[in-house]
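**Q** Next comes the structure file entry.txt, holding compact mmCIF, C-alpha atoms and all ligand atoms.
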```txt
# COMPACT_ATOMS: atom_id res chain seq x y z
CA MET A 378 141.05 -25.26 -179.29
CA ASN A 379 142.63 -26.12 -175.91
CA SER A 380 140.83 -27.92 -173.09
CA PHE A 381 140.02 -24.67 -171.28
CA GLU A 382 138.32 -23.21 -174.35
CA ASN A 383 136.56 -26.48 -175.00
CA THR A 384 135.00 -26.53 -171.55
CA LEU A 385 134.15 -22.80 -171.55
CA LEU A 386 132.49 -22.96 -174.96
CA ASN A 387 130.58 -26.13 -174.13
CA LYS A 388 129.67 -25.94 -170.45
CA PHE A 389 129.22 -22.15 -170.42
CA LYS A 390 128.27 -21.67 -174.08
CA LYS A 391 125.03 -19.74 -173.42
CA ILE A 392 126.70 -17.13 -171.23
CA THR A 393 129.99 -16.69 -173.14
CA THR A 394 130.57 -14.12 -175.86
CA GLN A 395 133.60 -13.31 -177.99
CA ASP A 396 134.81 -10.30 -180.00
CA LYS A 397 133.83 -7.82 -177.32
CA ASN A 398 135.68 -4.74 -176.16
CA PHE A 399 136.13 -2.90 -172.85
CA LYS A 400 134.57 0.16 -174.52
CA GLU A 401 131.22 -1.66 -174.42
CA ILE A 402 131.32 -2.59 -170.74
CA THR A 403 132.93 0.37 -168.98
CA THR A 404 131.48 3.82 -168.37
CA PHE A 405 134.79 5.35 -169.55
CA LYS A 406 134.27 3.62 -172.95
CA ILE A 407 138.00 2.97 -173.15
CA GLY A 408 140.05 -0.20 -173.58
CA GLY A 409 141.05 -3.03 -175.85
CA ASP A 410 139.45 -6.20 -177.16
CA ILE A 411 138.53 -9.03 -174.82
CA LYS A 412 139.01 -12.70 -175.64
CA TYR A 413 136.02 -13.99 -173.67
CA LEU A 414 133.26 -12.03 -171.96
CA VAL A 415 130.99 -14.06 -169.70
CA TYR A 416 127.64 -13.07 -168.16
CA PRO A 417 126.74 -15.63 -165.46
CA ASN A 418 123.03 -15.93 -164.67
CA THR A 419 123.54 -17.70 -161.37
CA THR A 420 126.06 -17.67 -158.55
CA LYS A 421 126.84 -21.29 -159.40
CA GLU A 422 127.81 -20.31 -162.96
CA LEU A 423 129.91 -17.40 -161.66
CA CYS A 424 131.85 -19.69 -159.30
CA GLY A 425 132.08 -22.37 -161.99
CA VAL A 426 133.74 -20.01 -164.50
CA ILE A 427 136.21 -18.79 -161.86
CA LYS A 428 137.07 -22.37 -160.85
CA LEU A 429 137.67 -23.22 -164.52
CA CYS A 430 139.96 -20.20 -164.99
CA LEU A 431 141.90 -21.05 -161.82
CA LYS A 432 142.26 -24.69 -162.83
CA HIS A 433 143.73 -23.76 -166.22
CA LYS A 434 145.63 -20.71 -164.92
CA VAL A 435 143.75 -18.44 -167.33
CA ARG A 436 143.62 -14.75 -166.51
CA TRP A 437 140.24 -13.50 -165.32
CA VAL A 438 138.71 -10.36 -163.92
CA VAL A 439 135.26 -9.63 -162.49
CA LEU A 440 133.42 -6.46 -163.44
CA GLY A 441 130.15 -5.01 -162.22
CA ASN A 442 129.04 -1.94 -164.13
CA GLY A 443 132.63 -1.03 -165.07
CA SER A 444 132.16 2.46 -163.59
CA ASN A 445 135.39 2.64 -161.64
CA VAL A 446 137.89 1.12 -164.06
CA LEU A 447 140.36 2.17 -166.71
CA ALA A 448 141.12 -0.74 -169.03
CA SER A 449 144.34 -1.05 -171.03
CA ASP A 450 144.24 -0.55 -174.81
CA ASP A 451 145.95 -3.94 -175.19
CA PHE A 452 144.15 -7.18 -175.99
CA PHE A 453 142.84 -8.91 -172.84
CA GLU A 454 143.91 -12.52 -173.33
CA GLY A 455 141.56 -14.03 -170.76
CA VAL A 456 138.04 -13.99 -169.35
CA VAL A 457 136.12 -10.93 -168.20
CA ILE A 458 133.19 -11.94 -166.00
CA CYS A 459 130.40 -9.39 -165.83
CA THR A 460 128.04 -9.80 -162.86
CA LYS A 461 125.18 -7.64 -164.12
CA ASN A 462 122.71 -10.52 -164.49
CA LEU A 463 123.05 -11.41 -160.80
CA LYS A 464 120.73 -8.73 -159.52
CA ASN A 465 118.34 -10.27 -157.00
CA VAL A 466 117.59 -8.27 -153.87
CA LYS A 467 115.82 -9.84 -150.89
CA VAL A 468 114.49 -7.69 -148.09
CA LYS A 469 113.64 -9.26 -144.73
CA LYS A 470 112.92 -7.48 -141.45
CA ASN A 471 115.50 -4.68 -141.27
CA CYS A 472 118.03 -6.26 -143.66
CA ALA A 473 118.49 -6.30 -147.42
CA PHE A 474 120.61 -8.91 -149.15
CA ALA A 475 121.71 -8.02 -152.68
CA GLU A 476 123.50 -10.16 -155.22
CA CYS A 477 126.75 -8.66 -156.46
CA GLY A 478 125.39 -7.45 -159.82
CA ALA A 479 122.43 -5.50 -158.42
CA MET A 480 122.81 -1.80 -159.18
CA LEU A 481 122.88 0.44 -156.12
CA PHE A 482 119.76 2.36 -157.21
CA TRP A 483 117.91 -0.97 -157.50
CA LEU A 484 118.88 -1.92 -153.94
CA VAL A 485 117.67 1.48 -152.70
CA LEU A 486 114.35 1.10 -154.55
CA LYS A 487 113.77 -2.49 -153.35
CA ALA A 488 114.47 -1.36 -149.77
CA LYS A 489 112.05 1.54 -150.21
CA GLU A 490 109.27 -0.90 -151.17
CA LYS A 491 109.56 -2.25 -147.60
CA ASN A 492 109.98 1.22 -146.07
CA LEU A 493 113.65 0.62 -145.31
CA SER A 494 116.11 3.46 -145.36
CA GLY A 495 119.87 4.02 -145.06
CA LEU A 496 121.49 3.86 -148.49
CA GLU A 497 119.63 6.66 -150.30
CA TRP A 498 122.87 8.66 -150.55
CA ALA A 499 124.19 5.95 -152.93
CA VAL A 500 121.29 6.16 -155.37
CA GLY A 501 123.26 8.15 -157.99
CA ILE A 502 126.45 6.06 -157.89
CA PRO A 503 126.37 4.12 -161.17
CA GLY A 504 127.80 0.90 -159.76
CA THR A 505 126.79 -2.55 -158.58
CA VAL A 506 126.70 -3.81 -155.00
CA GLY A 507 129.78 -5.98 -155.67
CA GLY A 508 131.79 -3.06 -157.06
CA ALA A 509 130.63 -0.78 -154.25
CA VAL A 510 131.63 -3.29 -151.55
CA VAL A 511 135.05 -3.90 -153.13
CA MET A 512 135.70 -0.16 -153.44
CA ASN A 513 133.94 0.81 -150.19
CA ALA A 514 132.07 3.36 -152.30
CA GLY A 515 130.88 6.48 -150.58
CA ALA A 516 129.51 9.96 -151.02
CA PHE A 517 128.26 12.88 -148.95
CA GLU A 518 130.29 11.79 -145.88
CA LYS A 519 128.85 8.27 -145.98
CA GLU A 520 130.26 4.93 -147.11
CA ILE A 521 128.75 1.58 -147.97
CA PHE A 522 130.48 -0.21 -145.07
CA GLU A 523 128.50 1.86 -142.55
CA ASN A 524 125.39 -0.21 -143.27
CA LEU A 525 127.17 -3.48 -143.99
CA ASN A 526 126.12 -6.62 -142.13
CA TYR A 527 128.08 -9.34 -143.95
CA VAL A 528 129.62 -10.14 -147.33
CA LEU A 529 129.30 -13.47 -149.14
CA VAL A 530 132.48 -14.34 -151.04
CA PHE A 531 133.81 -17.19 -153.17
CA ASP A 532 137.54 -17.62 -152.63
CA GLY A 533 138.13 -20.01 -155.53
CA LYS A 534 137.37 -23.07 -153.42
CA ARG A 535 134.40 -22.35 -151.21
CA VAL A 536 131.70 -19.82 -150.39
CA LYS A 537 132.24 -17.92 -147.13
CA LYS A 538 130.19 -15.49 -145.10
CA LEU A 539 132.37 -12.70 -143.72
CA LYS A 540 130.96 -10.50 -141.00
CA LYS A 541 131.86 -6.82 -141.16
CA LYS A 542 134.00 -7.04 -138.02
CA ASN A 543 136.23 -9.58 -139.77
CA ILE A 544 136.79 -7.47 -142.92
CA LYS A 545 139.59 -4.93 -143.31
CA TYR A 546 138.39 -1.70 -144.82
CA SER A 547 139.11 2.01 -144.84
CA TYR A 548 138.33 5.02 -147.01
CA ARG A 549 137.77 3.66 -150.59
CA HIS A 550 139.76 0.57 -149.70
CA THR A 551 138.91 -3.00 -148.69
CA GLN A 552 140.76 -6.28 -148.45
CA PHE A 553 138.78 -7.43 -151.51
CA GLN A 554 140.93 -5.22 -153.75
CA ASN A 555 143.77 -7.75 -153.39
CA PHE A 556 141.66 -10.86 -153.40
CA GLU A 557 141.79 -13.90 -155.69
CA GLY A 558 138.05 -14.34 -155.46
CA VAL A 559 134.70 -12.71 -155.96
CA VAL A 560 132.10 -10.93 -153.86
CA LEU A 561 128.86 -12.84 -154.44
CA GLY A 562 126.58 -10.54 -152.49
CA ALA A 563 126.18 -8.46 -149.38
CA SER A 564 123.70 -7.90 -146.59
CA PHE A 565 122.95 -4.43 -145.22
CA PHE A 566 121.27 -3.19 -142.04
CA LEU A 567 118.55 -0.63 -142.72
CA LEU A 568 116.08 1.38 -140.68
CA GLN A 569 112.31 1.59 -140.89
CA LYS A 570 111.21 5.00 -142.24
CA SER A 571 108.09 6.29 -143.96
CA SER A 572 107.90 6.00 -147.72
CA ASP A 573 107.62 9.80 -148.03
CA GLU A 574 110.74 10.35 -145.96
CA ILE A 575 112.69 7.89 -148.10
CA GLU A 576 111.40 9.45 -151.33
CA GLU A 577 112.46 12.89 -150.10
CA LYS A 578 115.95 11.65 -149.30
CA ILE A 579 116.30 10.04 -152.72
CA GLU A 580 115.26 13.26 -154.45
CA PHE A 581 117.61 15.29 -152.24
CA PHE A 582 120.64 13.17 -153.15
CA VAL A 583 119.75 12.95 -156.84
CA GLN A 584 119.52 16.75 -157.00
CA LYS A 585 122.71 17.26 -155.00
CA ARG A 586 124.63 15.01 -157.40
CA LYS A 587 123.17 16.78 -160.44
CA ASN A 588 124.41 20.11 -159.10
CA MET A 589 127.90 18.75 -158.34
CA GLN A 590 128.50 16.40 -161.25
CA ASN A 591 126.91 17.69 -164.40
CA ILE A 592 129.14 15.72 -166.75
CA CYS A 593 128.13 14.81 -170.26
CA TYR A 594 131.14 12.78 -171.47
CA PRO A 595 132.00 9.17 -170.58
CA ASN A 596 134.04 8.95 -167.37
CA ALA A 597 134.83 6.72 -164.39
CA GLY A 598 133.97 9.09 -161.55
CA SER A 599 136.65 10.61 -159.35
CA VAL A 600 140.07 9.60 -160.61
CA PHE A 601 141.90 10.27 -157.32
CA LYS A 602 141.16 9.63 -153.66
CA LYS A 603 140.93 12.50 -151.24
CA PRO A 604 144.50 13.11 -150.01
CA GLN A 605 143.15 14.27 -146.63
CA LYS A 606 139.77 14.04 -144.91
CA ASP A 607 138.67 17.58 -145.71
CA LEU A 608 140.64 18.08 -148.91
CA SER A 609 139.55 16.75 -152.29
CA ALA A 610 141.88 16.07 -155.19
CA SER A 611 139.54 18.10 -157.38
CA ALA A 612 140.08 21.21 -155.20
CA LEU A 613 143.86 20.91 -155.72
CA ILE A 614 143.54 20.35 -159.47
CA ASP A 615 141.11 23.26 -159.70
CA MET A 616 143.51 25.55 -157.79
CA LEU A 617 146.15 24.77 -160.40
CA GLY A 618 143.78 25.94 -163.11
CA LEU A 619 143.93 22.60 -164.92
CA LYS A 620 140.24 22.18 -165.81
CA GLY A 621 139.90 21.64 -169.56
CA THR A 622 143.49 20.39 -170.02
CA GLN A 623 143.44 17.83 -172.80
CA ILE A 624 145.74 15.03 -173.96
CA GLY A 625 144.47 13.19 -177.04
CA GLY A 626 140.81 12.39 -176.42
CA ALA A 627 141.10 12.69 -172.62
CA MET A 628 140.29 15.93 -170.82
CA ILE A 629 140.13 17.14 -167.22
CA SER A 630 136.43 17.89 -166.93
CA LYS A 631 135.56 21.57 -167.18
CA SER A 632 132.81 21.17 -164.59
CA HIS A 633 134.53 18.85 -162.05
CA ALA A 634 138.33 18.87 -161.84
CA GLY A 635 138.41 15.45 -160.15
CA PHE A 636 136.99 13.75 -163.24
CA ILE A 637 138.79 12.90 -166.46
CA VAL A 638 136.39 12.63 -169.38
CA ASN A 639 136.59 10.81 -172.67
CA THR A 640 135.70 13.57 -175.14
CA ASN A 641 136.65 11.83 -178.34
CA ASN A 642 137.82 8.21 -178.58
CA ALA A 643 140.34 8.59 -175.78
CA THR A 644 142.79 5.76 -175.33
CA CYS A 645 143.97 4.37 -172.02
CA LYS A 646 147.38 5.88 -172.83
CA ASP A 647 145.82 9.37 -173.21
CA VAL A 648 144.26 9.03 -169.75
CA GLN A 649 147.47 7.70 -168.20
CA LYS A 650 149.46 10.61 -169.63
CA LEU A 651 146.92 13.05 -168.24
CA ILE A 652 147.05 11.32 -164.85
CA ASP A 653 150.87 11.53 -164.80
CA PHE A 654 150.65 15.21 -165.75
CA ILE A 655 148.25 15.90 -162.85
CA LEU A 656 150.34 13.87 -160.37
CA GLU A 657 153.45 15.87 -161.26
CA LYS A 658 151.74 19.26 -161.10
CA VAL A 659 150.06 18.51 -157.75
CA TYR A 660 153.27 17.14 -156.26
CA ASN A 661 155.38 20.08 -157.45
CA MET A 662 152.95 22.68 -156.14
CA PHE A 663 151.57 21.08 -152.95
CA ASN A 664 154.07 18.31 -152.14
CA ILE A 665 151.14 15.86 -152.11
CA ILE A 666 151.19 12.46 -153.82
CA LEU A 667 147.68 11.72 -155.05
CA GLU A 668 146.49 8.13 -154.97
CA LEU A 669 144.31 6.63 -157.69
CA GLU A 670 140.69 5.78 -156.88
CA ILE A 671 140.01 4.19 -160.27
CA VAL A 672 141.26 0.66 -160.85
CA TYR A 673 143.59 -0.02 -163.75
CA ILE A 674 142.99 -3.27 -165.67
CA LYS A 675 146.18 -4.29 -167.49
C1 LIG B 1 129.52 9.44 -162.93
C2 LIG B 1 130.15 8.62 -161.83
C3 LIG B 1 129.97 8.99 -160.51
C4 LIG B 1 130.55 8.25 -159.47
N1 LIG B 1 130.37 8.63 -158.19
C5 LIG B 1 130.91 7.92 -157.17
C6 LIG B 1 130.72 8.31 -155.82
O1 LIG B 1 130.04 9.27 -155.50
N2 LIG B 1 131.31 7.56 -154.85
C7 LIG B 1 132.07 6.45 -155.15
O2 LIG B 1 132.59 5.81 -154.21
N3 LIG B 1 132.26 6.07 -156.43
C8 LIG B 1 131.70 6.77 -157.45
N4 LIG B 1 131.90 6.37 -158.74
C9 LIG B 1 132.75 5.19 -159.02
C10 LIG B 1 131.96 3.86 -159.10
O3 LIG B 1 130.66 4.07 -159.58
C11 LIG B 1 131.89 3.14 -157.76
O4 LIG B 1 133.17 2.83 -157.25
C12 LIG B 1 131.08 1.83 -157.91
O5 LIG B 1 130.82 1.31 -156.64
C13 LIG B 1 131.82 0.78 -158.73
O6 LIG B 1 130.90 -0.26 -159.01
P1 LIG B 1 130.99 -1.08 -160.38
O7 LIG B 1 130.00 -2.16 -160.31
O8 LIG B 1 130.91 -0.18 -161.54
O9 LIG B 1 132.47 -1.66 -160.24
P2 LIG B 1 133.49 -1.93 -161.41
O10 LIG B 1 133.98 -0.63 -161.95
O11 LIG B 1 132.91 -2.89 -162.37
O12 LIG B 1 134.67 -2.62 -160.61
C14 LIG B 1 135.42 -1.90 -159.68
C15 LIG B 1 136.44 -2.85 -159.03
O13 LIG B 1 135.76 -3.83 -158.29
C16 LIG B 1 136.00 -5.15 -158.81
N5 LIG B 1 134.73 -5.87 -158.74
C17 LIG B 1 133.52 -5.48 -159.23
N6 LIG B 1 132.59 -6.37 -158.87
C18 LIG B 1 133.20 -7.34 -158.15
C19 LIG B 1 132.75 -8.52 -157.49
N7 LIG B 1 131.49 -8.90 -157.50
N8 LIG B 1 133.68 -9.26 -156.83
C20 LIG B 1 134.99 -8.90 -156.80
N9 LIG B 1 135.47 -7.80 -157.42
C21 LIG B 1 134.57 -7.02 -158.07
C22 LIG B 1 136.52 -4.94 -160.23
O14 LIG B 1 137.38 -5.99 -160.63
C23 LIG B 1 137.27 -3.62 -160.08
O15 LIG B 1 138.53 -3.85 -159.50
C24 LIG B 1 131.33 7.10 -159.79
C25 LIG B 1 131.50 6.72 -161.13
C26 LIG B 1 130.90 7.47 -162.15
C27 LIG B 1 131.09 7.03 -163.58
```
Would you write the structure of this file as structure tokens?

**A**
Amino acid sequence: MNSFENTLLNKFKKITTQDKNFKEITTFKIGGDIKYLVYPNTTKELCGVIKLCLKHKVRWVVLGNGSNVLASDDFFEGVVICTKNLKNVKVKKNCAFAECGAMLFWLVLKAKEKNLSGLEWAVGIPGTVGGAVVMNAGAFEKEIFENLNYVLVFDGKRVKKLKKKNIKYSYRHTQFQNFEGVVLGASFFLLQKSSDEIEEKIEFFVQKRKNMQNICYPNAGSVFKKPQKDLSASALIDMLGLKGTQIGGAMISKSHAGFIVNTNNATCKDVQKLIDFILEKVYNMFNIILELEIVYIK
């Protein structure tokens, strides 16, 4: 056992597991074995594990709910840090601060308890606050950065508070996607509304999503970004008649052409082949290069 493993398995023994697989921690249920999977219970533990990995130059990656990732079939020789135990939400005046591992629906419900509104559209996105901030998640013409106040990050050395005006972001993109650090939490501005009004909004968005995304196989949401503001990748794929196309266990969803679903033990390679197939077809027909929305973990 080297000194890294010694420290991890002593100092962080209670939160470290071995013999896990990406299939267990991603909504796609795809990927290879993981050397160490860590579930920090506090921000201090989260930063401590990252510091340890950096010190020993060990590969690490942070995951929230794993709902926007495609993990390689290969063995992950490093540490996967899952934030799901860091789920506190504090609501004060017209602001809600959520730790990175809080699920979006939980943030919406905690805000509702104090009659605060603004993020109801996100209630059906199966991700954490950390993942949503990193991806600038959005739906129904809204995005998480609209309500953002500040983000708390750990850059490997210290904790910093970054105000929205100092963060680079755009459609499904933020500076945190190329960041050697972690989002610890985020604060959001919300508006006072009646409980009934908030409840109605939640129901409206839940229903809307059910009608649009009735998908019963494991998946990671939309695979591609919108190539243009009013044009979805799914519309292009649908126009090509590709719904239901299958490679190995991966299939273009029959109900939503923007989703690839894992119908039967799909491998990462199956999905990648299907992605390449779609990219080629869309480029040949429309001269458009689609960009990936899902994040690939090598
Ligand atoms: C059925 C379904 C529907 C979806 N619908 C939508 C939708 O409407 N709109 C939308 O935008 N997305 C949608 N998604 C995609 C996904 O749910 C969102 O992008 C979500 O915000 C990702 O959160 P997560 O916690 O699952 O992130 P993960 O998938 O765990 O991680 C995503 C990326 O963020 C990084 N990351 C995660 N947490 C942190 C952190 N604390 N600090 C630093 N990096 C971090 C990861 O390393 C990875 O690169 C959908 C997915 C599914 C399966």

**Q** Just want the residues within 6 Å of ligand LIG 1 (chain B), written as a ChimeraX atom specification, counting only C-alpha atoms and all ligand atoms.

**A** /A:404,438-446,477,502-505,507-509,511-512,514-516,559-561,596-598,672

**Q** Any chance you could export the current selection's C-alpha atoms as a PDB file, in the frame of the given file?

**A**
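Output contents, as saved in selection-v1.pdb:
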```pdb
ATOM      1  CA  THR A 404     131.480   3.820-168.370  1.00  0.00           C
ATOM      2  CA  VAL A 438     138.710 -10.360-163.920  1.00  0.00           C
ATOM      3  CA  VAL A 439     135.260  -9.630-162.490  1.00  0.00           C
ATOM      4  CA  LEU A 440     133.420  -6.460-163.440  1.00  0.00           C
ATOM      5  CA  GLY A 441     130.150  -5.010-162.220  1.00  0.00           C
ATOM      6  CA  ASN A 442     129.040  -1.940-164.130  1.00  0.00           C
ATOM      7  CA  GLY A 443     132.630  -1.030-165.070  1.00  0.00           C
ATOM      8  CA  SER A 444     132.160   2.460-163.590  1.00  0.00           C
ATOM      9  CA  ASN A 445     135.390   2.640-161.640  1.00  0.00           C
ATOM     10  CA  VAL A 446     137.890   1.120-164.060  1.00  0.00           C
ATOM     11  CA  CYS A 477     126.750  -8.660-156.460  1.00  0.00           C
ATOM     12  CA  ILE A 502     126.450   6.060-157.890  1.00  0.00           C
ATOM     13  CA  PRO A 503     126.370   4.120-161.170  1.00  0.00           C
ATOM     14  CA  GLY A 504     127.800   0.900-159.760  1.00  0.00           C
ATOM     15  CA  THR A 505     126.790  -2.550-158.580  1.00  0.00           C
ATOM     16  CA  GLY A 507     129.780  -5.980-155.670  1.00  0.00           C
ATOM     17  CA  GLY A 508     131.790  -3.060-157.060  1.00  0.00           C
ATOM     18  CA  ALA A 509     130.630  -0.780-154.250  1.00  0.00           C
ATOM     19  CA  VAL A 511     135.050  -3.900-153.130  1.00  0.00           C
ATOM     20  CA  MET A 512     135.700  -0.160-153.440  1.00  0.00           C
ATOM     21  CA  ALA A 514     132.070   3.360-152.300  1.00  0.00           C
ATOM     22  CA  GLY A 515     130.880   6.480-150.580  1.00  0.00           C
ATOM     23  CA  ALA A 516     129.510   9.960-151.020  1.00  0.00           C
ATOM     24  CA  VAL A 559     134.700 -12.710-155.960  1.00  0.00           C
ATOM     25  CA  VAL A 560     132.100 -10.930-153.860  1.00  0.00           C
ATOM     26  CA  LEU A 561     128.860 -12.840-154.440  1.00  0.00           C
ATOM     27  CA  ASN A 596     134.040   8.950-167.370  1.00  0.00           C
ATOM     28  CA  ALA A 597     134.830   6.720-164.390  1.00  0.00           C
ATOM     29  CA  GLY A 598     133.970   9.090-161.550  1.00  0.00           C
ATOM     30  CA  VAL A 672     141.260   0.660-160.850  1.00  0.00           C
TER      31      VAL A 672
END
```

**Q** Which is closer to Phe474 of chain A than all the others in A:Leu567, A:Val638, A:Val500, A:Ile544, using only C-alpha atoms?

**A** A:Leu567

**Q** Just want the 9 Å neighbourhood of segment 447-455 of chain A, counted on all atoms listed in the file, with same-chain residues fewer than 6 positions away dropped. Output as an MDAnalysis selection string.

**A** chainID A and resid 398:400 403 405:414 430 435:438 597 644:646 648 671:675

**Q** Near segment 662-669 of chain A, within 8 Å and counting only C-alpha atoms, which residues show up once chain neighbours fewer than 3 positions away are dropped, as a PyMOL selection string?

**A** chain A and resi 600-604+610+656+658-659+672

**Q** Which polymer residues have any atom within 9 Å of an atom of Phe517 of chain A, counting only C-alpha atoms, with same-chain residues fewer than 4 positions away left out, as a list in words?

**A**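 Contacts, with the query itself left out: Trp498, Ala499 and Phe582 of chain A.
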
**Q** Would you compute the distance between atom CA of Lys541 of chain A and atom CA of Val506 of chain A? Give it in Å to one decimal.

**A**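 Taking atom CA of Lys541 of chain A as the start and atom CA of Val506 of chain A as the end point, the length is 15.1 Å.
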